[in-house]
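Colleague: Hey, dropping coords_37.cif in here, mmCIF, N, CA and C atoms:
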```cif
data_start
#
loop_
_atom_site.label_atom_id
_atom_site.label_comp_id
_atom_site.auth_asym_id
_atom_site.auth_seq_id
_atom_site.Cartn_x
_atom_site.Cartn_y
_atom_site.Cartn_z
N MET A 1 86.58 120.77 90.82
CA MET A 1 87.77 120.07 90.35
C MET A 1 88.98 120.53 91.16
N ALA A 2 89.82 119.60 91.52
CA ALA A 2 91.00 119.91 92.33
C ALA A 2 91.99 120.76 91.53
N ALA A 3 92.84 121.46 92.24
CA ALA A 3 93.87 122.28 91.61
C ALA A 3 94.85 121.36 90.87
N LYS A 4 95.32 121.82 89.74
CA LYS A 4 96.29 121.02 88.99
C LYS A 4 97.69 121.23 89.56
N HIS A 5 98.37 120.13 89.76
CA HIS A 5 99.74 120.17 90.24
C HIS A 5 100.66 119.83 89.09
N LYS A 6 101.89 120.33 89.15
CA LYS A 6 102.87 120.04 88.09
C LYS A 6 103.09 118.54 88.02
N LEU A 7 103.03 118.02 86.81
CA LEU A 7 103.19 116.59 86.60
C LEU A 7 104.17 116.35 85.47
N THR A 8 105.25 115.64 85.78
CA THR A 8 106.16 115.14 84.76
C THR A 8 105.83 113.67 84.61
N LEU A 9 105.38 113.29 83.42
CA LEU A 9 104.85 111.94 83.21
C LEU A 9 105.57 111.23 82.08
N SER A 10 105.98 110.00 82.35
CA SER A 10 106.50 109.11 81.33
C SER A 10 105.57 107.90 81.29
N VAL A 11 105.14 107.51 80.09
CA VAL A 11 104.28 106.33 79.94
C VAL A 11 105.01 105.34 79.04
N GLN A 12 105.15 104.12 79.54
CA GLN A 12 105.83 103.07 78.79
C GLN A 12 104.86 101.92 78.54
N TYR A 13 104.68 101.58 77.29
CA TYR A 13 103.80 100.46 76.93
C TYR A 13 104.68 99.28 76.52
N ALA A 14 105.37 98.67 77.49
CA ALA A 14 106.18 97.48 77.20
C ALA A 14 105.26 96.38 76.66
N ASP A 15 104.05 96.31 77.21
CA ASP A 15 102.98 95.48 76.67
C ASP A 15 102.00 96.47 76.02
N PRO A 16 101.92 96.48 74.69
CA PRO A 16 101.17 97.54 73.98
C PRO A 16 99.66 97.34 73.89
N ARG A 17 99.11 96.30 74.50
CA ARG A 17 97.69 95.98 74.29
C ARG A 17 96.73 97.09 74.73
N LEU A 18 97.10 97.89 75.72
CA LEU A 18 96.18 98.92 76.21
C LEU A 18 96.54 100.32 75.71
N LYS A 19 97.50 100.40 74.80
CA LYS A 19 97.98 101.70 74.34
C LYS A 19 96.85 102.53 73.71
N ASP A 20 95.98 101.90 72.92
CA ASP A 20 94.91 102.64 72.26
C ASP A 20 93.78 103.00 73.22
N SER A 21 93.44 102.09 74.15
CA SER A 21 92.32 102.36 75.06
C SER A 21 92.72 103.21 76.27
N LEU A 22 94.02 103.29 76.55
CA LEU A 22 94.53 104.12 77.65
C LEU A 22 95.60 105.07 77.13
N PRO A 23 95.20 106.02 76.29
CA PRO A 23 96.19 106.95 75.75
C PRO A 23 96.72 107.89 76.82
N ARG A 24 97.88 108.41 76.56
CA ARG A 24 98.57 109.30 77.49
C ARG A 24 97.69 110.45 78.02
N PRO A 25 96.91 111.16 77.17
CA PRO A 25 96.08 112.26 77.70
C PRO A 25 95.07 111.78 78.75
N LEU A 26 94.49 110.62 78.56
CA LEU A 26 93.54 110.07 79.53
C LEU A 26 94.26 109.72 80.84
N LEU A 27 95.44 109.14 80.72
CA LEU A 27 96.23 108.80 81.91
C LEU A 27 96.61 110.07 82.67
N ARG A 28 97.04 111.09 81.94
CA ARG A 28 97.44 112.36 82.56
C ARG A 28 96.26 112.98 83.31
N LYS A 29 95.09 113.01 82.69
CA LYS A 29 93.89 113.58 83.32
C LYS A 29 93.54 112.81 84.59
N THR A 30 93.64 111.49 84.53
CA THR A 30 93.32 110.65 85.68
C THR A 30 94.31 110.89 86.82
N ILE A 31 95.59 110.94 86.49
CA ILE A 31 96.61 111.19 87.50
C ILE A 31 96.40 112.57 88.14
N GLN A 32 96.17 113.58 87.31
CA GLN A 32 95.97 114.94 87.83
C GLN A 32 94.86 114.97 88.87
N ALA A 33 93.80 114.22 88.63
CA ALA A 33 92.66 114.20 89.56
C ALA A 33 93.04 113.61 90.92
N ALA A 34 94.09 112.78 90.93
CA ALA A 34 94.50 112.09 92.16
C ALA A 34 95.73 112.71 92.82
N LEU A 35 96.27 113.77 92.24
CA LEU A 35 97.49 114.39 92.78
C LEU A 35 97.18 115.45 93.82
N PHE A 36 97.92 115.41 94.91
CA PHE A 36 97.81 116.42 95.97
C PHE A 36 99.06 117.28 96.05
N ALA A 37 100.04 117.00 95.19
CA ALA A 37 101.31 117.73 95.17
C ALA A 37 101.95 117.50 93.80
N PRO A 38 102.97 118.28 93.46
CA PRO A 38 103.68 118.04 92.20
C PRO A 38 104.26 116.62 92.18
N ALA A 39 104.38 116.06 90.96
CA ALA A 39 104.84 114.67 90.87
C ALA A 39 105.65 114.43 89.61
N GLU A 40 106.55 113.46 89.72
CA GLU A 40 107.30 112.91 88.59
C GLU A 40 107.01 111.42 88.60
N LEU A 41 106.22 110.98 87.63
CA LEU A 41 105.76 109.59 87.63
C LEU A 41 106.08 108.90 86.31
N THR A 42 106.38 107.62 86.41
CA THR A 42 106.49 106.75 85.25
C THR A 42 105.42 105.68 85.40
N LEU A 43 104.59 105.53 84.38
CA LEU A 43 103.61 104.45 84.32
C LEU A 43 104.12 103.46 83.28
N ARG A 44 104.14 102.19 83.64
CA ARG A 44 104.63 101.17 82.72
C ARG A 44 103.64 100.01 82.68
N PHE A 45 103.21 99.67 81.48
CA PHE A 45 102.29 98.55 81.27
C PHE A 45 103.10 97.35 80.82
N VAL A 46 102.99 96.25 81.57
CA VAL A 46 103.83 95.08 81.32
C VAL A 46 102.97 93.82 81.18
N ASP A 47 103.59 92.76 80.65
CA ASP A 47 102.90 91.47 80.55
C ASP A 47 103.07 90.69 81.87
N ALA A 48 102.44 89.53 81.94
CA ALA A 48 102.45 88.74 83.18
C ALA A 48 103.85 88.34 83.60
N GLU A 49 104.70 88.02 82.63
CA GLU A 49 106.06 87.58 82.97
C GLU A 49 106.84 88.69 83.68
N GLU A 50 106.82 89.90 83.11
CA GLU A 50 107.54 91.02 83.73
C GLU A 50 106.89 91.39 85.06
N GLY A 51 105.57 91.37 85.11
CA GLY A 51 104.85 91.69 86.35
C GLY A 51 105.21 90.72 87.47
N ARG A 52 105.27 89.44 87.13
CA ARG A 52 105.62 88.42 88.11
C ARG A 52 107.06 88.59 88.60
N THR A 53 107.97 88.85 87.67
CA THR A 53 109.38 89.04 88.02
C THR A 53 109.54 90.22 88.98
N LEU A 54 108.91 91.34 88.68
CA LEU A 54 109.01 92.52 89.54
C LEU A 54 108.42 92.25 90.92
N ASN A 55 107.26 91.62 90.97
CA ASN A 55 106.61 91.34 92.25
C ASN A 55 107.45 90.37 93.08
N ARG A 56 108.05 89.38 92.41
CA ARG A 56 108.90 88.41 93.11
C ARG A 56 110.17 89.08 93.62
N ASP A 57 110.84 89.83 92.74
CA ASP A 57 112.14 90.40 93.10
C ASP A 57 112.04 91.51 94.14
N TYR A 58 110.96 92.28 94.12
CA TYR A 58 110.86 93.44 95.01
C TYR A 58 109.93 93.24 96.21
N ARG A 59 109.00 92.29 96.10
CA ARG A 59 108.06 92.08 97.20
C ARG A 59 108.09 90.66 97.73
N GLY A 60 108.86 89.78 97.09
CA GLY A 60 108.96 88.40 97.54
C GLY A 60 107.69 87.60 97.28
N LYS A 61 106.86 88.05 96.35
CA LYS A 61 105.60 87.36 96.04
C LYS A 61 105.68 86.88 94.58
N ASP A 62 105.64 85.58 94.41
CA ASP A 62 105.92 84.98 93.10
C ASP A 62 104.67 84.84 92.24
N TYR A 63 104.04 85.97 91.93
CA TYR A 63 102.90 85.99 91.02
C TYR A 63 102.77 87.42 90.48
N ALA A 64 102.11 87.54 89.35
CA ALA A 64 101.86 88.85 88.78
C ALA A 64 100.68 89.47 89.53
N THR A 65 100.76 90.76 89.82
CA THR A 65 99.69 91.47 90.50
C THR A 65 99.22 92.62 89.61
N ASN A 66 98.07 93.20 89.91
CA ASN A 66 97.50 94.21 89.02
C ASN A 66 98.33 95.49 88.94
N VAL A 67 98.76 96.00 90.10
CA VAL A 67 99.53 97.24 90.10
C VAL A 67 100.60 97.18 91.19
N LEU A 68 101.78 97.65 90.85
CA LEU A 68 102.89 97.78 91.81
C LEU A 68 103.32 99.23 91.80
N THR A 69 103.41 99.83 92.98
CA THR A 69 103.87 101.20 93.08
C THR A 69 105.21 101.23 93.80
N PHE A 70 106.19 101.77 93.11
CA PHE A 70 107.51 101.97 93.71
C PHE A 70 107.62 103.46 94.03
N ALA A 71 107.32 103.81 95.26
CA ALA A 71 107.34 105.22 95.69
C ALA A 71 108.73 105.54 96.24
N TYR A 72 109.29 106.61 95.73
CA TYR A 72 110.65 106.99 96.13
C TYR A 72 110.66 108.16 97.11
N THR A 73 109.51 108.80 97.30
CA THR A 73 109.44 109.99 98.17
C THR A 73 108.17 109.93 99.00
N GLU A 74 108.11 109.00 99.94
CA GLU A 74 106.90 108.88 100.75
C GLU A 74 106.91 109.79 101.98
N ASP A 75 108.04 110.41 102.27
CA ASP A 75 108.09 111.25 103.48
C ASP A 75 107.39 112.59 103.23
N ASP A 76 106.93 113.21 104.30
CA ASP A 76 106.17 114.45 104.22
C ASP A 76 107.00 115.64 103.73
N ASP A 77 108.31 115.55 103.85
CA ASP A 77 109.18 116.67 103.48
C ASP A 77 109.40 116.78 101.98
N ALA A 78 109.11 115.72 101.23
CA ALA A 78 109.36 115.73 99.79
C ALA A 78 108.45 116.75 99.11
N GLU A 79 109.06 117.60 98.30
CA GLU A 79 108.28 118.60 97.57
C GLU A 79 107.65 118.02 96.31
N VAL A 80 108.28 116.98 95.76
CA VAL A 80 107.78 116.36 94.55
C VAL A 80 107.65 114.85 94.79
N THR A 81 106.48 114.31 94.51
CA THR A 81 106.25 112.87 94.62
C THR A 81 106.92 112.20 93.42
N GLN A 82 107.76 111.20 93.70
CA GLN A 82 108.43 110.46 92.62
C GLN A 82 108.10 108.99 92.77
N ALA A 83 107.65 108.37 91.65
CA ALA A 83 107.30 106.96 91.72
C ALA A 83 107.26 106.34 90.34
N ASP A 84 107.47 105.03 90.32
CA ASP A 84 107.21 104.20 89.15
C ASP A 84 105.99 103.37 89.50
N ILE A 85 105.03 103.35 88.59
CA ILE A 85 103.80 102.58 88.83
C ILE A 85 103.68 101.59 87.68
N ILE A 86 103.66 100.31 88.03
CA ILE A 86 103.68 99.23 87.04
C ILE A 86 102.30 98.56 87.02
N PHE A 87 101.75 98.43 85.81
CA PHE A 87 100.44 97.78 85.64
C PHE A 87 100.64 96.51 84.83
N CYS A 88 100.13 95.40 85.34
CA CYS A 88 100.23 94.13 84.62
C CYS A 88 98.96 93.98 83.78
N THR A 89 99.13 94.13 82.47
CA THR A 89 98.00 94.11 81.54
C THR A 89 97.20 92.81 81.66
N ASP A 90 97.87 91.67 81.76
CA ASP A 90 97.16 90.39 81.85
C ASP A 90 96.24 90.34 83.06
N VAL A 91 96.76 90.73 84.22
CA VAL A 91 95.97 90.70 85.45
C VAL A 91 94.84 91.72 85.38
N LEU A 92 95.16 92.92 84.93
CA LEU A 92 94.18 93.99 84.82
C LEU A 92 93.01 93.58 83.93
N MET A 93 93.30 93.00 82.76
CA MET A 93 92.25 92.59 81.83
C MET A 93 91.43 91.43 82.39
N SER A 94 92.09 90.51 83.04
CA SER A 94 91.41 89.36 83.65
C SER A 94 90.48 89.81 84.78
N GLU A 95 90.97 90.71 85.64
CA GLU A 95 90.14 91.23 86.74
C GLU A 95 88.92 91.99 86.21
N ALA A 96 89.12 92.79 85.19
CA ALA A 96 88.02 93.57 84.62
C ALA A 96 86.92 92.61 84.14
N GLN A 97 87.33 91.54 83.48
CA GLN A 97 86.36 90.56 82.98
C GLN A 97 85.64 89.87 84.14
N GLU A 98 86.40 89.43 85.15
CA GLU A 98 85.81 88.77 86.32
C GLU A 98 84.82 89.68 87.05
N GLN A 99 85.17 90.97 87.14
CA GLN A 99 84.35 91.94 87.87
C GLN A 99 83.29 92.59 86.99
N LYS A 100 83.22 92.13 85.72
CA LYS A 100 82.24 92.65 84.76
C LYS A 100 82.30 94.17 84.63
N LYS A 101 83.53 94.66 84.51
CA LYS A 101 83.79 96.10 84.32
C LYS A 101 84.51 96.27 83.00
N SER A 102 84.47 97.49 82.47
CA SER A 102 85.27 97.74 81.27
C SER A 102 86.74 97.76 81.68
N VAL A 103 87.59 97.38 80.76
CA VAL A 103 89.04 97.40 81.03
C VAL A 103 89.46 98.83 81.36
N GLU A 104 88.91 99.80 80.64
CA GLU A 104 89.27 101.20 80.88
C GLU A 104 88.91 101.63 82.30
N ALA A 105 87.67 101.33 82.73
CA ALA A 105 87.24 101.74 84.08
C ALA A 105 88.12 101.09 85.15
N HIS A 106 88.42 99.80 84.97
CA HIS A 106 89.25 99.11 85.96
C HIS A 106 90.67 99.69 85.96
N ALA A 107 91.20 99.95 84.76
CA ALA A 107 92.54 100.51 84.66
C ALA A 107 92.62 101.89 85.30
N LEU A 108 91.61 102.72 85.08
CA LEU A 108 91.62 104.07 85.67
C LEU A 108 91.56 103.98 87.19
N HIS A 109 90.79 103.02 87.71
CA HIS A 109 90.77 102.80 89.16
C HIS A 109 92.17 102.44 89.66
N LEU A 110 92.85 101.55 88.95
CA LEU A 110 94.19 101.14 89.38
C LEU A 110 95.20 102.28 89.25
N VAL A 111 95.02 103.16 88.26
CA VAL A 111 95.89 104.33 88.14
C VAL A 111 95.71 105.21 89.37
N VAL A 112 94.47 105.50 89.73
CA VAL A 112 94.20 106.32 90.92
C VAL A 112 94.79 105.63 92.16
N HIS A 113 94.57 104.34 92.28
CA HIS A 113 95.08 103.56 93.42
C HIS A 113 96.61 103.67 93.50
N GLY A 114 97.28 103.48 92.37
CA GLY A 114 98.74 103.56 92.34
C GLY A 114 99.25 104.95 92.67
N VAL A 115 98.57 105.98 92.16
CA VAL A 115 98.99 107.36 92.43
C VAL A 115 98.81 107.69 93.91
N LEU A 116 97.75 107.20 94.52
CA LEU A 116 97.56 107.43 95.96
C LEU A 116 98.66 106.72 96.76
N HIS A 117 99.01 105.48 96.36
CA HIS A 117 100.13 104.79 97.02
C HIS A 117 101.41 105.62 96.90
N ALA A 118 101.65 106.19 95.73
CA ALA A 118 102.86 106.98 95.50
C ALA A 118 102.94 108.17 96.44
N GLN A 119 101.78 108.62 96.90
CA GLN A 119 101.71 109.78 97.79
C GLN A 119 101.59 109.38 99.26
N GLY A 120 101.84 108.09 99.55
CA GLY A 120 101.90 107.65 100.93
C GLY A 120 100.64 107.02 101.48
N TYR A 121 99.59 106.93 100.69
CA TYR A 121 98.37 106.27 101.16
C TYR A 121 98.59 104.76 101.13
N ASP A 122 97.92 104.06 102.04
CA ASP A 122 98.08 102.62 102.11
C ASP A 122 96.78 101.99 102.59
N HIS A 123 96.78 100.66 102.63
CA HIS A 123 95.60 99.94 103.10
C HIS A 123 96.02 98.75 103.94
N GLU A 124 96.96 99.03 104.85
CA GLU A 124 97.49 97.98 105.72
C GLU A 124 96.51 97.58 106.82
N ASN A 125 95.61 98.51 107.19
CA ASN A 125 94.60 98.18 108.19
C ASN A 125 93.25 98.71 107.70
N ASP A 126 92.17 98.37 108.42
CA ASP A 126 90.82 98.74 107.98
C ASP A 126 90.64 100.24 107.85
N GLU A 127 91.17 101.00 108.81
CA GLU A 127 91.01 102.45 108.79
C GLU A 127 91.68 103.06 107.56
N GLU A 128 92.92 102.64 107.28
CA GLU A 128 93.64 103.12 106.10
C GLU A 128 92.91 102.72 104.82
N ALA A 129 92.43 101.47 104.79
CA ALA A 129 91.73 100.97 103.60
C ALA A 129 90.47 101.78 103.34
N GLU A 130 89.70 102.07 104.39
CA GLU A 130 88.47 102.85 104.23
C GLU A 130 88.78 104.26 103.72
N GLU A 131 89.82 104.89 104.27
CA GLU A 131 90.19 106.23 103.83
C GLU A 131 90.61 106.22 102.36
N MET A 132 91.44 105.25 101.99
CA MET A 132 91.95 105.17 100.63
C MET A 132 90.81 104.87 99.65
N GLU A 133 89.94 103.94 100.01
CA GLU A 133 88.81 103.60 99.13
C GLU A 133 87.88 104.79 98.95
N ALA A 134 87.61 105.53 100.03
CA ALA A 134 86.73 106.70 99.94
C ALA A 134 87.33 107.74 98.99
N LEU A 135 88.63 107.96 99.10
CA LEU A 135 89.32 108.89 98.20
C LEU A 135 89.24 108.42 96.75
N GLU A 136 89.47 107.13 96.54
CA GLU A 136 89.39 106.57 95.18
C GLU A 136 88.01 106.81 94.58
N VAL A 137 86.98 106.51 95.35
CA VAL A 137 85.60 106.67 94.86
C VAL A 137 85.33 108.13 94.51
N GLU A 138 85.77 109.05 95.39
CA GLU A 138 85.57 110.48 95.16
C GLU A 138 86.27 110.94 93.87
N ILE A 139 87.51 110.53 93.68
CA ILE A 139 88.29 110.92 92.51
C ILE A 139 87.68 110.31 91.24
N LEU A 140 87.33 109.03 91.31
CA LEU A 140 86.76 108.37 90.13
C LEU A 140 85.40 108.97 89.76
N THR A 141 84.62 109.35 90.76
CA THR A 141 83.33 110.00 90.49
C THR A 141 83.54 111.30 89.72
N GLU A 142 84.56 112.08 90.15
CA GLU A 142 84.93 113.31 89.43
C GLU A 142 85.24 113.03 87.97
N LEU A 143 85.81 111.88 87.72
CA LEU A 143 86.21 111.50 86.36
C LEU A 143 85.10 110.79 85.58
N GLY A 144 83.94 110.58 86.23
CA GLY A 144 82.83 109.93 85.57
C GLY A 144 82.95 108.41 85.54
N VAL A 145 83.74 107.86 86.47
CA VAL A 145 83.92 106.41 86.56
C VAL A 145 83.13 105.91 87.77
N ALA A 146 82.36 104.84 87.57
CA ALA A 146 81.50 104.29 88.63
C ALA A 146 82.33 103.79 89.81
N ASN A 147 81.71 103.76 90.99
CA ASN A 147 82.33 103.25 92.21
C ASN A 147 82.80 101.83 91.98
N PRO A 148 84.11 101.57 92.07
CA PRO A 148 84.63 100.23 91.79
C PRO A 148 84.33 99.22 92.91
N TYR A 149 83.86 99.71 94.04
CA TYR A 149 83.63 98.81 95.18
C TYR A 149 82.16 98.38 95.29
N GLN A 150 81.35 98.75 94.33
CA GLN A 150 79.94 98.34 94.38
C GLN A 150 79.68 97.21 93.40
#
```
The structure in this file should be written as structure tokens.

Modeller:
Amino acid sequence: MAAKHKLTLSVQYADPRLKDSLPRPLLRKTIQAALFAPAELTLRFVDAEEGRTLNRDYRGKDYATNVLTFAYTEDDDAEVTQADIIFCTDVLMSEAQEQKKSVEAHALHLVVHGVLHAQGYDHENDEEAEEMEALEVEILTELGVANPYQ
């Protein structure tokens, strides 16, 4: 198990549908597994309307997406990773159903994905995507979650 890094965590359930299945202790454990440095993170679960508005206003894409990461400290000099990670409950639940996965397993994958983005990982090209996916699989395996890419 990786070393635990200091984590300041805020969880907001603006859309409360996943509050019971994704409680704060589970989210904290999942984030800790994906952290490589101390972090101050806010996780916010939103409905399709808020998800679409955020994606449109900040990324110029007029649709709700599964996860948006607003990383405020992507440079190597930052001692503490700071980010807001937004999860669109509607998209997340729909994707889980389409992919025949549990909502919890899909959500935990997206939490790991968002936390890696917050720490500067990306998937803009094949090499970056392969590295990020390999890390996700390794972290999720540690947490007892099946490989999301199979």

Colleague: Which residues, named as in the file, does the PyMOL selection byres (((chain A and resi 110 and name CA) around 10) and name CA) pick out? Answer as a list of chain:residue names.

Modeller: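 That expression, the PyMOL selection byres (((chain A and resi 110 and name CA) around 10) and name CA), corresponds here to A:Asn66, A:Val67, A:Leu68, A:Ile85, A:Ile86, A:Phe87, A:Leu92, A:Glu104, A:Ala105, A:His106, A:Ala107, A:Leu108, A:His109, A:Val111, A:Val112, A:His113, A:Gly114, A:Val115, A:Leu116, A:Glu136, A:Pro148.
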
Colleague: The PyMOL selection byres (((chain A and resi 52-59 and name CA) around 12) and name CA) - which residues does that actually catch in the file I just gave you? List them as a PyMOL selection string.

Modeller: chain A and resi 44+46-51+60-70+84-91

Colleague: Hey, what's within 12 Å of Gly120 (chain A) if we count only C-alpha atoms and toss same-chain stuff fewer than 5 positions away? As a list in words, please?

Modeller: Leu35, Phe36, Ala37, Thr69, Phe70, Ala71, Tyr72, Thr73, Glu74, Asp75, Asp76, Asp77, Ala78, Thr81, Gln82, Ala83, His113, Gly114, Val115, Glu128 and Met132 of chain A

Colleague: Taking the chain letters and numbering used in this document, name the residues of region 44-109 of chain A that DSSP puts in alpha helix (DSSP H), as a list in words.

Modeller: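 In region 44-109 of chain A, DSSP puts these residues in alpha helix (DSSP H): Ala48, Glu49, Glu50, Gly51, Arg52, Thr53, Leu54, Asn55, Arg56, Asp57, Tyr58, Arg59, Thr89, Asp90, Val91, Leu92, Met93, Ser94, Glu95, Ala96, Gln97, Glu98, Val103, Glu104, Ala105, His106, Ala107, Leu108 and His109 of chain A.
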
Colleague: For Ala33 (chain A), which of A:His5, A:Glu131, A:His117, A:Asp122 is the closest residue, counting only N, CA and C atoms?

Modeller: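 Nearest candidate to Ala33 (chain A) out of A:His5, A:Glu131, A:His117, A:Asp122: A:His5.
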
Colleague: Pick from A:Val103, A:Leu41, A:Leu135, A:Val145: nearest to Lys19 (chain A), with only C-alpha atoms counted?

Modeller: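 Of A:Val103, A:Leu41, A:Leu135, A:Val145, the one nearest Lys19 (chain A), counting only C-alpha atoms, is A:Val103.
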
Colleague: Figure out the distance between CA of Gly144 (chain A) and CA of Pro23 (chain A), please, to one decimal in Å.

Modeller: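 One can read the CA of Pro23 (chain A) to CA of Gly144 (chain A) distance as 16.8 Å.
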
Colleague: Report the residues of region 51-150 of chain A whose backbone DSSP state falls under strand (DSSP E), written as a PyMOL selection string.

Modeller: chain A and resi 67-71+81-88

Colleague: Could you tell me how far atom N of Ala146 (chain A) sits from CA of Ser102 (chain A), in Å to one decimal place?

Modeller: 9.9 Å

Colleague: Between A:Gln150, A:Ser21, A:Gln119, A:Thr30, which is the closest to Lys4 (chain A) once you count only C-alpha atoms?

Modeller: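 Ranking A:Gln150, A:Ser21, A:Gln119, A:Thr30 by distance to Lys4 (chain A), first place goes to A:Thr30.
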
Colleague: Quote the spacing between CA of Asp126 (chain A) and CA of Glu95 (chain A) in Å to one decimal place.

Modeller: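 Computing the Euclidean distance for CA of Asp126 (chain A) and CA of Glu95 (chain A) yields 22.5 Å.
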
Colleague: Exactly which residues make up the result of the PyMOL selection byres ((chain A and resi 9) around 8) on this file, given as a PyMOL selection string?

Modeller: chain A and resi 6-8+10-12+28+39-43
